[in-house]
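Structure data follow from work.cif (mmCIF, C-alpha atoms):
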data_my_file
#
loop_
_atom_site.label_atom_id
_atom_site.label_comp_id
_atom_site.auth_asym_id
_atom_site.auth_seq_id
_atom_site.Cartn_x
_atom_site.Cartn_y
_atom_site.Cartn_z
CA MET A 1 25.44 -0.20 -133.27
CA THR A 2 29.13 -0.93 -133.43
CA ASP A 3 31.42 -2.34 -136.04
CA THR A 4 32.19 -6.04 -135.65
CA ALA A 5 35.54 -5.90 -137.42
CA ARG A 6 38.38 -7.40 -135.42
CA PRO A 7 41.10 -4.96 -134.36
CA ALA A 8 44.44 -5.25 -136.04
CA THR A 9 47.41 -6.13 -133.92
CA GLY A 10 51.07 -5.72 -134.52
CA PRO A 11 53.77 -8.19 -133.53
CA GLY A 12 54.45 -8.09 -129.81
CA ARG A 13 51.85 -5.37 -129.29
CA ARG A 14 49.07 -5.72 -126.70
CA ALA A 15 46.34 -4.12 -128.77
CA ASP A 16 42.98 -3.07 -127.49
CA LEU A 17 40.46 -5.88 -127.84
CA GLY A 18 38.01 -3.51 -129.50
CA ARG A 19 34.56 -2.10 -128.87
CA PRO A 20 32.64 -5.18 -130.08
CA PHE A 21 34.43 -7.30 -127.48
CA ARG A 22 33.67 -4.75 -124.78
CA TRP A 23 29.94 -5.00 -125.54
CA LEU A 24 30.15 -8.80 -125.36
CA TRP A 25 32.13 -8.59 -122.12
CA ALA A 26 29.64 -6.20 -120.52
CA SER A 27 26.66 -8.36 -121.52
CA THR A 28 28.42 -11.50 -120.27
CA ALA A 29 29.26 -9.81 -116.97
CA ALA A 30 25.62 -8.82 -116.40
CA SER A 31 24.33 -12.30 -117.24
CA ASN A 32 26.89 -13.89 -114.92
CA ALA A 33 25.69 -11.64 -112.12
CA GLY A 34 22.21 -12.97 -112.83
CA ASP A 35 23.58 -16.53 -112.81
CA GLY A 36 25.25 -16.01 -109.45
CA ILE A 37 22.06 -14.66 -107.92
CA THR A 38 19.65 -17.26 -109.32
CA ARG A 39 21.84 -20.31 -108.70
CA THR A 40 22.02 -19.36 -105.03
CA LEU A 41 18.46 -18.11 -104.80
CA LEU A 42 16.51 -21.07 -106.20
CA PRO A 43 17.92 -23.67 -103.75
CA LEU A 44 17.23 -21.26 -100.88
CA LEU A 45 13.61 -20.89 -101.97
CA VAL A 46 13.22 -24.65 -102.25
CA VAL A 47 14.83 -25.33 -98.87
CA ALA A 48 12.63 -22.73 -97.19
CA HIS A 49 9.43 -24.62 -98.06
CA HIS A 50 10.58 -28.10 -99.11
CA PRO A 51 13.61 -29.02 -96.92
CA ASP A 52 13.99 -32.50 -98.39
CA PRO A 53 17.51 -33.37 -99.70
CA ALA A 54 16.01 -35.29 -102.62
CA VAL A 55 13.89 -32.28 -103.60
CA VAL A 56 16.90 -29.94 -103.46
CA ALA A 57 19.02 -32.37 -105.48
CA GLY A 58 16.17 -32.64 -107.98
CA LEU A 59 16.28 -28.89 -108.54
CA THR A 60 19.96 -29.09 -109.52
CA THR A 61 19.25 -32.02 -111.81
CA VAL A 62 16.40 -30.19 -113.54
CA ASN A 63 18.58 -27.11 -114.01
CA MET A 64 21.47 -29.12 -115.51
CA LEU A 65 19.32 -31.46 -117.60
CA PRO A 66 19.15 -29.11 -120.63
CA TRP A 67 22.91 -29.51 -121.09
CA LEU A 68 22.36 -33.22 -121.72
CA LEU A 69 19.19 -32.78 -123.78
CA PHE A 70 19.89 -29.69 -125.85
CA ALA A 71 23.64 -29.03 -125.97
CA LEU A 72 24.16 -30.57 -129.41
CA PRO A 73 21.04 -29.04 -131.02
CA ALA A 74 22.08 -25.71 -129.50
CA GLY A 75 25.38 -25.99 -131.37
CA VAL A 76 23.53 -26.55 -134.65
CA LEU A 77 21.34 -23.52 -133.97
CA ALA A 78 24.43 -21.41 -133.21
CA ASP A 79 25.93 -22.39 -136.57
CA ARG A 80 22.71 -21.79 -138.51
CA SER A 81 21.60 -18.51 -136.93
CA ASP A 82 22.92 -15.15 -135.80
CA ARG A 83 24.72 -16.00 -132.55
CA ARG A 84 24.19 -12.48 -131.27
CA ARG A 85 20.42 -12.93 -131.58
CA ILE A 86 20.61 -16.24 -129.73
CA VAL A 87 22.37 -14.63 -126.77
CA LEU A 88 19.98 -11.67 -126.88
CA ALA A 89 16.90 -13.91 -126.96
CA SER A 90 18.24 -16.19 -124.22
CA ASN A 91 18.82 -13.29 -121.84
CA THR A 92 15.41 -11.83 -122.69
CA VAL A 93 13.73 -15.16 -121.90
CA ARG A 94 15.60 -15.43 -118.61
CA ALA A 95 14.64 -11.88 -117.65
CA ALA A 96 10.98 -12.45 -118.53
CA ALA A 97 10.85 -15.80 -116.70
CA LEU A 98 12.31 -14.38 -113.49
CA LEU A 99 10.25 -11.20 -113.50
CA ALA A 100 7.08 -13.24 -114.07
CA ALA A 101 8.15 -15.61 -111.30
CA ALA A 102 8.65 -12.65 -108.95
CA VAL A 103 4.99 -11.78 -109.39
CA ALA A 104 3.84 -15.39 -108.97
CA LEU A 105 6.02 -16.01 -105.91
CA ALA A 106 4.61 -13.00 -104.11
CA ASP A 107 1.64 -15.12 -103.02
CA HIS A 108 2.94 -18.69 -102.80
CA ARG A 109 5.91 -20.80 -103.84
CA PRO A 110 4.79 -24.04 -105.44
CA LEU A 111 7.54 -26.54 -106.06
CA ALA A 112 6.40 -27.13 -109.63
CA LEU A 113 6.91 -23.43 -110.44
CA LEU A 114 10.44 -23.44 -109.03
CA TYR A 115 11.31 -26.58 -110.98
CA ALA A 116 9.83 -25.14 -114.19
CA LEU A 117 11.79 -21.92 -113.65
CA ALA A 118 15.01 -23.87 -113.13
CA PHE A 119 14.41 -25.84 -116.35
CA VAL A 120 13.66 -22.73 -118.45
CA LEU A 121 16.76 -20.99 -117.08
CA GLY A 122 18.80 -24.11 -117.89
CA ILE A 123 17.62 -24.14 -121.51
CA ALA A 124 18.39 -20.45 -121.96
CA GLU A 125 21.82 -20.89 -120.38
CA THR A 126 22.59 -23.80 -122.71
CA LEU A 127 21.81 -21.65 -125.76
CA ALA A 128 23.62 -18.53 -124.53
CA ASP A 129 26.74 -20.31 -123.29
CA THR A 130 27.05 -22.16 -126.59
CA ALA A 131 26.55 -19.14 -128.85
CA ALA A 132 28.59 -16.53 -126.96
CA PRO A 133 32.01 -18.29 -127.06
CA ALA A 134 31.41 -19.18 -130.70
CA MET A 135 31.14 -15.44 -131.46
CA LEU A 136 34.54 -14.58 -130.03
CA PRO A 137 36.79 -15.57 -132.97
CA ARG A 138 34.87 -13.10 -135.14
CA LEU A 139 35.25 -10.24 -132.67
CA VAL A 140 38.96 -10.33 -131.80
CA ASP A 141 42.17 -11.16 -133.58
CA GLU A 142 43.05 -14.83 -133.09
CA ARG A 143 46.32 -13.81 -131.40
CA GLN A 144 44.24 -12.11 -128.71
CA LEU A 145 41.95 -15.06 -127.95
CA GLU A 146 43.71 -15.96 -124.69
CA ARG A 147 43.40 -12.37 -123.42
CA ALA A 148 39.75 -12.18 -124.42
CA ASN A 149 38.89 -15.53 -122.85
CA GLY A 150 40.82 -14.54 -119.72
CA ARG A 151 38.76 -11.38 -119.29
CA LEU A 152 35.50 -13.22 -119.86
CA SER A 153 36.55 -15.89 -117.34
CA ALA A 154 37.47 -13.28 -114.74
CA ALA A 155 34.07 -11.63 -115.07
CA GLN A 156 32.37 -14.98 -114.72
CA ILE A 157 34.27 -15.93 -111.58
CA VAL A 158 33.92 -12.57 -109.83
CA LEU A 159 30.23 -12.01 -110.57
CA ASN A 160 28.96 -15.60 -110.70
CA GLU A 161 30.88 -17.05 -107.78
CA MET A 162 32.03 -14.16 -105.58
CA VAL A 163 29.45 -11.39 -105.88
CA GLY A 164 26.21 -13.10 -106.92
CA PRO A 165 25.82 -15.61 -104.04
CA PRO A 166 26.24 -13.14 -101.14
CA VAL A 167 23.99 -10.61 -102.90
CA ALA A 168 21.34 -13.32 -103.28
CA GLY A 169 21.67 -14.19 -99.59
CA LEU A 170 21.25 -10.57 -98.55
CA LEU A 171 18.25 -10.04 -100.81
CA VAL A 172 16.51 -13.21 -99.66
CA ALA A 173 16.89 -11.99 -96.09
CA VAL A 174 14.84 -8.94 -97.12
CA THR A 175 12.33 -10.51 -99.49
CA ALA A 176 12.44 -13.38 -101.95
CA VAL A 177 10.48 -11.37 -104.52
CA ALA A 178 13.17 -8.66 -104.56
CA ALA A 179 15.87 -11.30 -105.01
CA VAL A 180 14.07 -12.92 -107.97
CA ALA A 181 13.38 -9.54 -109.56
CA THR A 182 17.03 -8.52 -109.18
CA GLY A 183 18.15 -11.62 -111.04
CA GLY A 184 15.66 -10.85 -113.81
CA THR A 185 16.88 -7.26 -113.97
CA MET A 186 20.47 -8.40 -114.48
CA TYR A 187 19.44 -10.61 -117.41
CA ALA A 188 17.43 -7.72 -118.88
CA LEU A 189 20.54 -5.54 -118.60
CA ALA A 190 22.57 -8.25 -120.35
CA ALA A 191 20.06 -8.25 -123.22
CA LEU A 192 20.19 -4.48 -123.53
CA LEU A 193 24.00 -4.48 -123.60
CA MET A 194 23.98 -7.09 -126.35
CA LEU A 195 22.10 -4.56 -128.51
CA GLY A 196 25.29 -2.51 -128.56
CA LEU A 197 26.92 -5.21 -130.68
CA ALA A 198 26.10 -5.00 -134.36
CA PRO A 199 24.55 -8.09 -135.98
CA LEU A 200 27.19 -10.51 -137.15
CA PRO A 201 27.07 -11.44 -140.85
CA ARG A 202 26.03 -15.05 -141.28
CA ALA A 203 28.87 -17.43 -141.97
CA ALA A 204 28.86 -18.97 -145.43
CA ARG A 205 27.44 -22.48 -145.42
CA PRO A 206 26.25 -24.72 -148.22
CA ASP A 207 22.56 -24.46 -149.07
CA VAL A 208 20.47 -27.35 -147.81
CA PRO A 209 17.41 -28.09 -149.93
CA ARG A 210 14.11 -27.45 -148.22
CA GLY A 211 12.32 -30.53 -147.08
CA THR A 212 15.56 -32.46 -146.62
CA ARG A 213 15.11 -34.92 -143.78
CA GLY A 214 17.43 -35.18 -140.84
CA GLY A 215 18.95 -31.72 -141.29
CA VAL A 216 19.63 -31.19 -137.58
CA LEU A 217 20.89 -34.74 -137.09
CA ARG A 218 23.12 -34.39 -140.14
CA ASP A 219 24.59 -31.17 -138.74
CA ILE A 220 25.15 -32.77 -135.34
CA ARG A 221 26.85 -35.73 -137.00
CA ALA A 222 29.09 -33.38 -139.00
CA GLY A 223 30.19 -31.60 -135.82
CA LEU A 224 30.85 -34.84 -133.97
CA THR A 225 32.74 -36.29 -136.94
CA PHE A 226 34.92 -33.20 -137.16
CA VAL A 227 35.81 -33.43 -133.46
CA LEU A 228 36.44 -37.19 -133.52
CA HIS A 229 38.73 -36.93 -136.55
CA HIS A 230 40.70 -33.96 -135.18
CA ARG A 231 43.24 -35.38 -132.78
CA THR A 232 43.86 -32.18 -130.84
CA LEU A 233 40.17 -31.50 -130.31
CA ARG A 234 39.39 -35.13 -129.56
CA LEU A 235 42.04 -35.55 -126.87
CA THR A 236 41.49 -32.17 -125.22
CA LEU A 237 37.76 -32.87 -125.04
CA ALA A 238 38.46 -36.26 -123.45
CA ALA A 239 40.61 -34.44 -120.89
CA SER A 240 37.77 -31.95 -120.31
CA ALA A 241 35.39 -34.82 -119.62
CA LEU A 242 37.87 -36.27 -117.13
CA TYR A 243 38.25 -32.88 -115.45
CA GLY A 244 34.46 -32.55 -115.21
CA LEU A 245 34.27 -35.91 -113.46
CA VAL A 246 37.03 -35.05 -111.00
CA PHE A 247 35.81 -31.52 -110.33
CA SER A 248 32.25 -32.57 -109.54
CA ALA A 249 33.36 -35.59 -107.49
CA THR A 250 35.62 -33.46 -105.30
CA PHE A 251 33.40 -30.37 -105.13
CA SER A 252 30.43 -32.45 -103.97
CA MET A 253 32.59 -33.67 -101.07
CA LEU A 254 34.30 -30.36 -100.26
CA VAL A 255 31.70 -29.32 -97.70
CA LEU A 256 32.23 -32.62 -95.85
CA LEU A 257 36.01 -32.26 -96.04
CA SER A 258 35.67 -28.77 -94.60
CA ASP A 259 33.50 -30.00 -91.73
CA ASN A 260 35.04 -33.35 -90.87
CA ALA A 261 38.73 -33.08 -91.76
CA LEU A 262 39.35 -29.35 -91.40
CA GLY A 263 36.89 -28.62 -88.57
CA LEU A 264 35.46 -25.51 -90.20
CA ASP A 265 32.00 -24.02 -89.74
CA GLY A 266 29.85 -22.49 -92.47
CA THR A 267 31.86 -19.27 -92.53
CA GLY A 268 35.10 -21.20 -92.90
CA TYR A 269 33.65 -23.20 -95.76
CA GLY A 270 32.68 -19.96 -97.48
CA LEU A 271 36.22 -18.68 -97.07
CA LEU A 272 37.57 -21.89 -98.64
CA LEU A 273 35.36 -21.31 -101.68
CA ALA A 274 36.48 -17.69 -101.80
CA ALA A 275 40.13 -18.80 -101.81
CA GLY A 276 39.49 -20.95 -104.87
CA SER A 277 37.74 -18.07 -106.62
CA VAL A 278 40.58 -15.66 -105.86
CA GLY A 279 43.04 -18.14 -107.32
CA ALA A 280 40.89 -18.50 -110.44
CA VAL A 281 40.78 -14.74 -110.93
CA ALA A 282 44.57 -14.63 -110.62
CA GLY A 283 44.81 -17.50 -113.08
CA SER A 284 42.64 -15.66 -115.61
CA TRP A 285 45.26 -12.88 -115.55
CA LEU A 286 48.30 -15.17 -115.55
CA ALA A 287 47.25 -17.72 -118.19
CA PRO A 288 47.21 -15.37 -121.23
CA ARG A 289 50.67 -14.13 -120.27
CA ALA A 290 52.00 -17.64 -119.76
CA VAL A 291 50.89 -18.59 -123.29
CA GLY A 292 53.40 -16.03 -124.53
CA ARG A 293 56.19 -18.10 -122.97
CA LEU A 294 54.81 -21.63 -123.36
CA THR A 295 52.75 -23.26 -126.07
CA ALA A 296 49.05 -23.42 -125.25
CA LEU A 297 49.06 -27.22 -125.09
CA ARG A 298 52.11 -27.37 -122.84
CA LEU A 299 50.54 -24.87 -120.44
CA ALA A 300 47.23 -26.73 -120.51
CA ARG A 301 48.81 -30.16 -119.97
CA TRP A 302 50.91 -29.19 -116.98
CA SER A 303 48.16 -27.03 -115.47
CA LEU A 304 45.76 -29.96 -115.56
CA ALA A 305 48.36 -32.26 -114.00
CA ALA A 306 49.10 -29.63 -111.34
CA SER A 307 45.38 -29.34 -110.61
CA GLY A 308 45.35 -33.07 -109.92
CA ALA A 309 48.29 -32.65 -107.55
CA ALA A 310 46.42 -29.87 -105.72
CA TYR A 311 43.45 -32.20 -105.19
CA VAL A 312 45.79 -34.88 -103.82
CA ALA A 313 47.25 -32.32 -101.41
CA LEU A 314 43.76 -31.38 -100.23
CA GLY A 315 43.16 -35.00 -99.32
CA PHE A 316 46.18 -35.01 -97.01
CA LEU A 317 46.05 -31.51 -95.52
CA ARG A 318 44.44 -30.90 -92.14
CA GLN A 319 45.36 -27.24 -91.64
CA PRO A 320 42.67 -24.84 -92.95
CA ALA A 321 45.19 -22.22 -94.07
CA LEU A 322 47.15 -24.74 -96.15
CA ALA A 323 43.92 -26.15 -97.59
CA ALA A 324 42.91 -22.63 -98.64
CA LEU A 325 46.29 -22.19 -100.33
CA ALA A 326 45.82 -25.50 -102.16
CA LEU A 327 42.38 -24.39 -103.37
CA ALA A 328 43.76 -21.02 -104.48
CA ALA A 329 46.55 -22.78 -106.39
CA ASN A 330 43.98 -25.09 -107.94
CA GLY A 331 42.04 -22.04 -109.11
CA VAL A 332 45.16 -20.78 -110.89
CA PHE A 333 45.74 -24.18 -112.50
CA MET A 334 42.09 -24.44 -113.55
CA MET A 335 42.41 -21.22 -115.55
CA GLY A 336 45.77 -22.43 -116.87
CA TRP A 337 43.80 -25.29 -118.41
CA ASN A 338 40.53 -23.63 -119.39
CA ILE A 339 41.77 -20.48 -121.12
CA PRO A 340 44.42 -21.91 -123.49
CA VAL A 341 42.28 -24.93 -124.39
CA MET A 342 39.20 -22.81 -125.09
CA SER A 343 41.29 -20.47 -127.24
CA LEU A 344 42.90 -23.40 -129.05
CA ARG A 345 39.52 -24.91 -129.90
CA GLN A 346 38.27 -21.58 -131.23
CA ARG A 347 41.45 -21.20 -133.29
CA LEU A 348 41.36 -24.70 -134.78
CA THR A 349 37.65 -24.81 -135.62
CA PRO A 350 36.33 -23.49 -138.96
CA GLU A 351 33.82 -20.68 -138.55
CA PRO A 352 30.79 -22.70 -139.76
CA LEU A 353 31.47 -25.33 -137.07
CA GLN A 354 32.22 -23.07 -134.09
CA GLY A 355 28.83 -23.56 -132.45
CA ARG A 356 28.83 -27.35 -132.82
CA VAL A 357 32.36 -27.78 -131.52
CA MET A 358 31.51 -25.52 -128.58
CA SER A 359 28.40 -27.59 -127.86
CA VAL A 360 30.41 -30.82 -127.86
CA SER A 361 32.90 -29.16 -125.52
CA ARG A 362 30.15 -28.14 -123.09
CA LEU A 363 28.55 -31.57 -123.29
CA CYS A 364 31.84 -33.26 -122.41
CA SER A 365 32.67 -30.98 -119.48
CA TRP A 366 29.19 -30.31 -118.06
CA GLY A 367 27.58 -33.61 -119.04
CA SER A 368 30.14 -35.57 -117.03
CA MET A 369 29.46 -33.63 -113.82
CA PRO A 370 26.34 -35.50 -112.61
CA VAL A 371 28.26 -38.75 -113.04
CA GLY A 372 31.22 -37.32 -111.15
CA ALA A 373 29.07 -36.15 -108.23
CA THR A 374 27.61 -39.66 -107.92
CA LEU A 375 31.09 -41.16 -108.14
CA GLY A 376 32.30 -38.89 -105.36
CA GLY A 377 29.56 -40.11 -103.05
CA VAL A 378 30.28 -43.77 -103.85
CA LEU A 379 34.02 -43.34 -103.21
CA ALA A 380 33.38 -41.51 -99.94
CA GLU A 381 31.16 -44.34 -98.74
CA ALA A 382 33.62 -47.04 -99.81
CA LEU A 383 36.81 -45.29 -98.65
CA SER A 384 36.59 -41.87 -96.98
CA VAL A 385 36.02 -38.23 -97.88
CA PRO A 386 39.75 -37.33 -98.00
CA ALA A 387 40.36 -40.42 -100.14
CA VAL A 388 38.03 -38.99 -102.79
CA PHE A 389 40.46 -36.09 -103.27
CA VAL A 390 43.54 -38.29 -103.28
CA VAL A 391 42.16 -40.85 -105.74
CA CYS A 392 40.49 -38.36 -108.07
CA GLY A 393 43.48 -36.02 -108.02
CA ALA A 394 45.89 -38.83 -108.88
CA VAL A 395 43.63 -40.00 -111.72
CA LEU A 396 43.45 -36.44 -113.09
CA ALA A 397 47.21 -35.89 -112.96
CA VAL A 398 48.06 -39.19 -114.63
CA GLY A 399 45.19 -38.92 -117.09
CA ALA A 400 46.20 -35.42 -118.16
CA LEU A 401 49.75 -36.48 -118.91
CA LEU A 402 48.68 -39.62 -120.78
CA LEU A 403 45.85 -38.06 -122.80
CA LEU A 404 47.74 -34.95 -123.85
CA ALA A 405 51.23 -36.45 -124.28
CA PRO A 406 50.68 -37.25 -128.01
CA LEU A 407 49.95 -33.57 -128.74
CA ARG A 408 53.23 -31.85 -129.48
CA GLU A 409 52.29 -28.80 -131.49
CA ASP A 410 50.32 -25.84 -130.21
CA THR A 411 48.42 -25.03 -133.40
CA ALA A 412 48.47 -28.06 -135.66
CA PRO A 413 46.99 -26.92 -138.95
CA ALA A 414 43.64 -28.34 -139.91
CA ALA A 415 45.06 -29.78 -143.12
CA ALA A 416 47.36 -32.02 -141.11
CA ASP A 417 44.41 -33.83 -139.56
CA PRO A 418 42.90 -36.83 -141.31
CA SER A 419 39.43 -35.31 -141.54
CA PRO A 420 38.64 -33.46 -144.77
CA HIS A 421 37.01 -30.29 -143.44
CA ASN A 422 35.52 -29.28 -146.73
CA ASP A 423 33.73 -32.60 -147.05
CA LEU A 424 32.31 -32.20 -143.55
CA LEU A 425 31.04 -28.73 -144.32
CA ASP A 426 29.43 -29.94 -147.52
CA LYS A 427 27.56 -32.56 -145.51
CA GLY A 428 26.64 -30.18 -142.68
#

Translate this file's structure into C-alpha cells.
Amino acid sequence: MTDTARPATGPGRRADLGRPFRWLWASTAASNAGDGITRTLLPLLVVAHHPDPAVVAGLTTVNMLPWLLFALPAGVLADRSDRRRIVLASNTVRAAALLAAAVALADHRPLALLYALAFVLGIAETLADTAAPAMLPRLVDERQLERANGRLSAAQIVLNEMVGPPVAGLLVAVTAVAAVATGGTMYALAALLMLGLAPLPRAARPDVPRGTRGGVLRDIRAGLTFVLHHRTLRLTLAASALYGLVFSATFSMLVLLSDNALGLDGTGYGLLLAAGSVGAVAGSWLAPRAVGRLTALRLARWSLAASGAAYVALGFLRQPALAALALAANGVFMMGWNIPVMSLRQRLTPEPLQGRVMSVSRLCSWGSMPVGATLGGVLAEALSVPAVFVVCGAVLAVGALLLLAPLREDTAPAAADPSPHNDLLDKG
C-alpha cells in the first residue's frame, strides 16, 4: 500500500505528482484500454449476427442509458463511500462480466446477452468515471491539477481511442472470444493496480440519523443546489452541455462528411479520426502549460470558441488534408477546454461534494449527447451534412463567449458565491 498524502510543491517548481497518482494513472490507463476494446468489440459482435441499424443503435443507447439513470446516485455514492473501493469494484465487475461473457459467447451470441453486457458495463463505467476524478484533489496538490488531469486525459485518448479499437479489430479477426477475454483482462489489471493505492480516509460529513427518509434524494438535491448557486460551476456546466450537443451532432455526421464531401473511403475516415486523437494528445500536453500563462477560465473560454470555429471550417473544407488539420486543431482546443474546466471544478468544490458535482458534470456533458446525435440527423435532413458543422460550430463559438463572458476570475472563492456551503453540507 502507498501513502495517499499529496506531494508538496514549491513556487514555480514542477514537482513529481507522487506515487498515489501514478497508481491511479496506471489503473485508469488499463481500464481505458478495456474501454477502447469493448466499445469497438460489442458493435462488431452485434453487426456480425444482427446487421440491423436499429439494433446497433439500440446497443449504444443501452450502453449510455446508465449515465441518464444513475449518474446522480453515483455521485451520492462517491461522496458517501471510499471512492477507491468504488473504482476497484467497478473494474472487478467489468472484468467478471466480460470473462463470463467470453465463456457464454463461445457457443452462441444471443442479442439479449450482448445488450445485458452493454448495460452492465455502462453502469460500472458510470460509477468508476464519477469516483475516479473525485479522488484526484486528495492525491495531488491543487496547483498540479491541470498536469494530473492532462496525463489522465492523454492516457484515455491514446488507449481508448487510438490503441483499443484497432486491437479489438485484430482480435475479432482471430476469435471473438479472445477479444472479449482481452477486454476483461484489462479491467482485471485495472482492479489489481488500484490495490496499490492505499484506502482514502473518509471525508468528514454530518451524521444522518438512521431511518431518515429521502437520504439519497436529499444528497442529490444538495449537490444540485450547490452547483446551481455557484455561478462558475453553473455556467461552465451549461457550456459543457452545449459542447456535448455539438460534439455528438457533428461526430454522428462525420462519417457522412468523410464519404460525401471529402470522398474518403474507410481507411481515410480512420485517418481523420486519428488526426483528431493526435491533436487531443498534443492538447493534453499543451493545456497545463497554457494555464501557467492564462487563467483557466480564459483558456477554457477561447478554446471552446476556437473549437466552434474548427467545426465551421470543417463544414466548408473539401480537401482531406485540410480537414485532418482542422480535426487535429479541434482536438487541441477540446483539451484546452476539458482540462482547465475539470481542474477548476475540482478546485472549487468542497471535498464532501466532489462526487456529486462530478456526477452533475458527467450528466450535463454525456446526457446531452443522445439529443445532439438526433439533432445532427434532423439538421442534415433539413439542410445538408456540411451545414450541420457550420451551424453547430457557430452556435458553439457564440454560446461559449456568451455563457462564459460573465466569469472574470479564475478561482473565485467559494465564500464569494451566494450559496452557503456549510448549510448545504449540513443538509446533505

So which residues fall inside 12 Å of (44.4, -22.3, -99.2) if we count only C-alpha atoms? Mind giving them as number ranges by chain? A: 258, 262, 268-269, 271-279, 310-311, 313-314, 317-332

File dump, residues just selected, C-alpha atoms, as an mmCIF file, in the coordinates of the input:
data_model
loop_
_atom_site.group_PDB
_atom_site.id
_atom_site.type_symbol
_atom_site.label_atom_id
_atom_site.label_comp_id
_atom_site.auth_asym_id
_atom_site.auth_seq_id
_atom_site.Cartn_x
_atom_site.Cartn_y
_atom_site.Cartn_z
ATOM 1 C CA SER A 258 35.670 -28.770 -94.600
ATOM 2 C CA LEU A 262 39.350 -29.350 -91.400
ATOM 3 C CA GLY A 268 35.100 -21.200 -92.900
ATOM 4 C CA TYR A 269 33.650 -23.200 -95.760
ATOM 5 C CA LEU A 271 36.220 -18.680 -97.070
ATOM 6 C CA LEU A 272 37.570 -21.890 -98.640
ATOM 7 C CA LEU A 273 35.360 -21.310 -101.680
ATOM 8 C CA ALA A 274 36.480 -17.690 -101.800
ATOM 9 C CA ALA A 275 40.130 -18.800 -101.810
ATOM 10 C CA GLY A 276 39.490 -20.950 -104.870
ATOM 11 C CA SER A 277 37.740 -18.070 -106.620
ATOM 12 C CA VAL A 278 40.580 -15.660 -105.860
ATOM 13 C CA GLY A 279 43.040 -18.140 -107.320
ATOM 14 C CA ALA A 310 46.420 -29.870 -105.720
ATOM 15 C CA TYR A 311 43.450 -32.200 -105.190
ATOM 16 C CA ALA A 313 47.250 -32.320 -101.410
ATOM 17 C CA LEU A 314 43.760 -31.380 -100.230
ATOM 18 C CA LEU A 317 46.050 -31.510 -95.520
ATOM 19 C CA ARG A 318 44.440 -30.900 -92.140
ATOM 20 C CA GLN A 319 45.360 -27.240 -91.640
ATOM 21 C CA PRO A 320 42.670 -24.840 -92.950
ATOM 22 C CA ALA A 321 45.190 -22.220 -94.070
ATOM 23 C CA LEU A 322 47.150 -24.740 -96.150
ATOM 24 C CA ALA A 323 43.920 -26.150 -97.590
ATOM 25 C CA ALA A 324 42.910 -22.630 -98.640
ATOM 26 C CA LEU A 325 46.290 -22.190 -100.330
ATOM 27 C CA ALA A 326 45.820 -25.500 -102.160
ATOM 28 C CA LEU A 327 42.380 -24.390 -103.370
ATOM 29 C CA ALA A 328 43.760 -21.020 -104.480
ATOM 30 C CA ALA A 329 46.550 -22.780 -106.390
ATOM 31 C CA ASN A 330 43.980 -25.090 -107.940
ATOM 32 C CA GLY A 331 42.040 -22.040 -109.110
ATOM 33 C CA VAL A 332 45.160 -20.780 -110.890
#

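Closest to A:Leu77 among A:Ala128, A:Ala405, A:Met253, A:Leu139 is A:Ala128, based on all atoms listed in the file.
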
When you look at A:Val167 with a cut-off of 12 Å (counting only C-alpha atoms), what residues show up, excluding the ones that are within fewer than 5 positions of it in the same chain? I need them as a list of chain:residue names.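 My list of contacting residues is A:Ala33, A:Gly34, A:Asp35, A:Gly36, A:Ile37, A:Thr38, A:Arg39, A:Thr40, A:Leu41, A:Leu159, A:Asn160, A:Glu161, A:Met162, A:Val172, A:Ala173, A:Val174, A:Ala176, A:Ala178, A:Ala179, A:Val180, A:Thr182, A:Gly183.
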
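The spacing separating atom CA of A:Arg231 from atom CA of A:Leu403 amounts to 10.7 Å.
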
Between A:Ala118, A:Met342, A:Ala148, A:Val93, which residue has the minimum interatomic distance to A:Arg362, considering all atoms listed in the file? A:Met342

Which of A:Phe316, A:Ser303, A:Leu127, A:Thr92 sits closest to A:Thr185 [using all atoms listed in the file]: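 Looking only at the distances to A:Thr185, the closest residue turns out to be A:Thr92.
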
Tell me which of A:Pro66, A:Pro110, A:Gly315, A:Gly122 sits closest to A:Ala97, counting only C-alpha atoms.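 Nearest candidate to A:Ala97 out of A:Pro66, A:Pro110, A:Gly315, A:Gly122: A:Gly122.
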
Evaluate the PyMOL selection byres ((chain A and resi 389) around 12) against this structure - the residues, as a PyMOL selection string, please. chain A and resi 245-254+256-257+307-317+323+326-327+375-377+379-380+383-388+390-397

When you look at A:Thr232 with a cut-off of 7 Å (counting only C-alpha atoms), what residues show up, excluding the ones that are within fewer than 3 positions of it in the same chain? I need them as a list of chain:residue names.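 Result of the neighbour search: A:Leu235, A:Thr236, A:Leu407.
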
Any idea what the distance is between atom CA of A:Glu146 and atom CA of A:Pro288?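 Computing it gives 5.0 Å between the two atoms.
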
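Nearest residue to A:Val55 among A:Ala112, A:Gly292, A:Val177, A:Val360 is A:Ala112, counting only C-alpha atoms.
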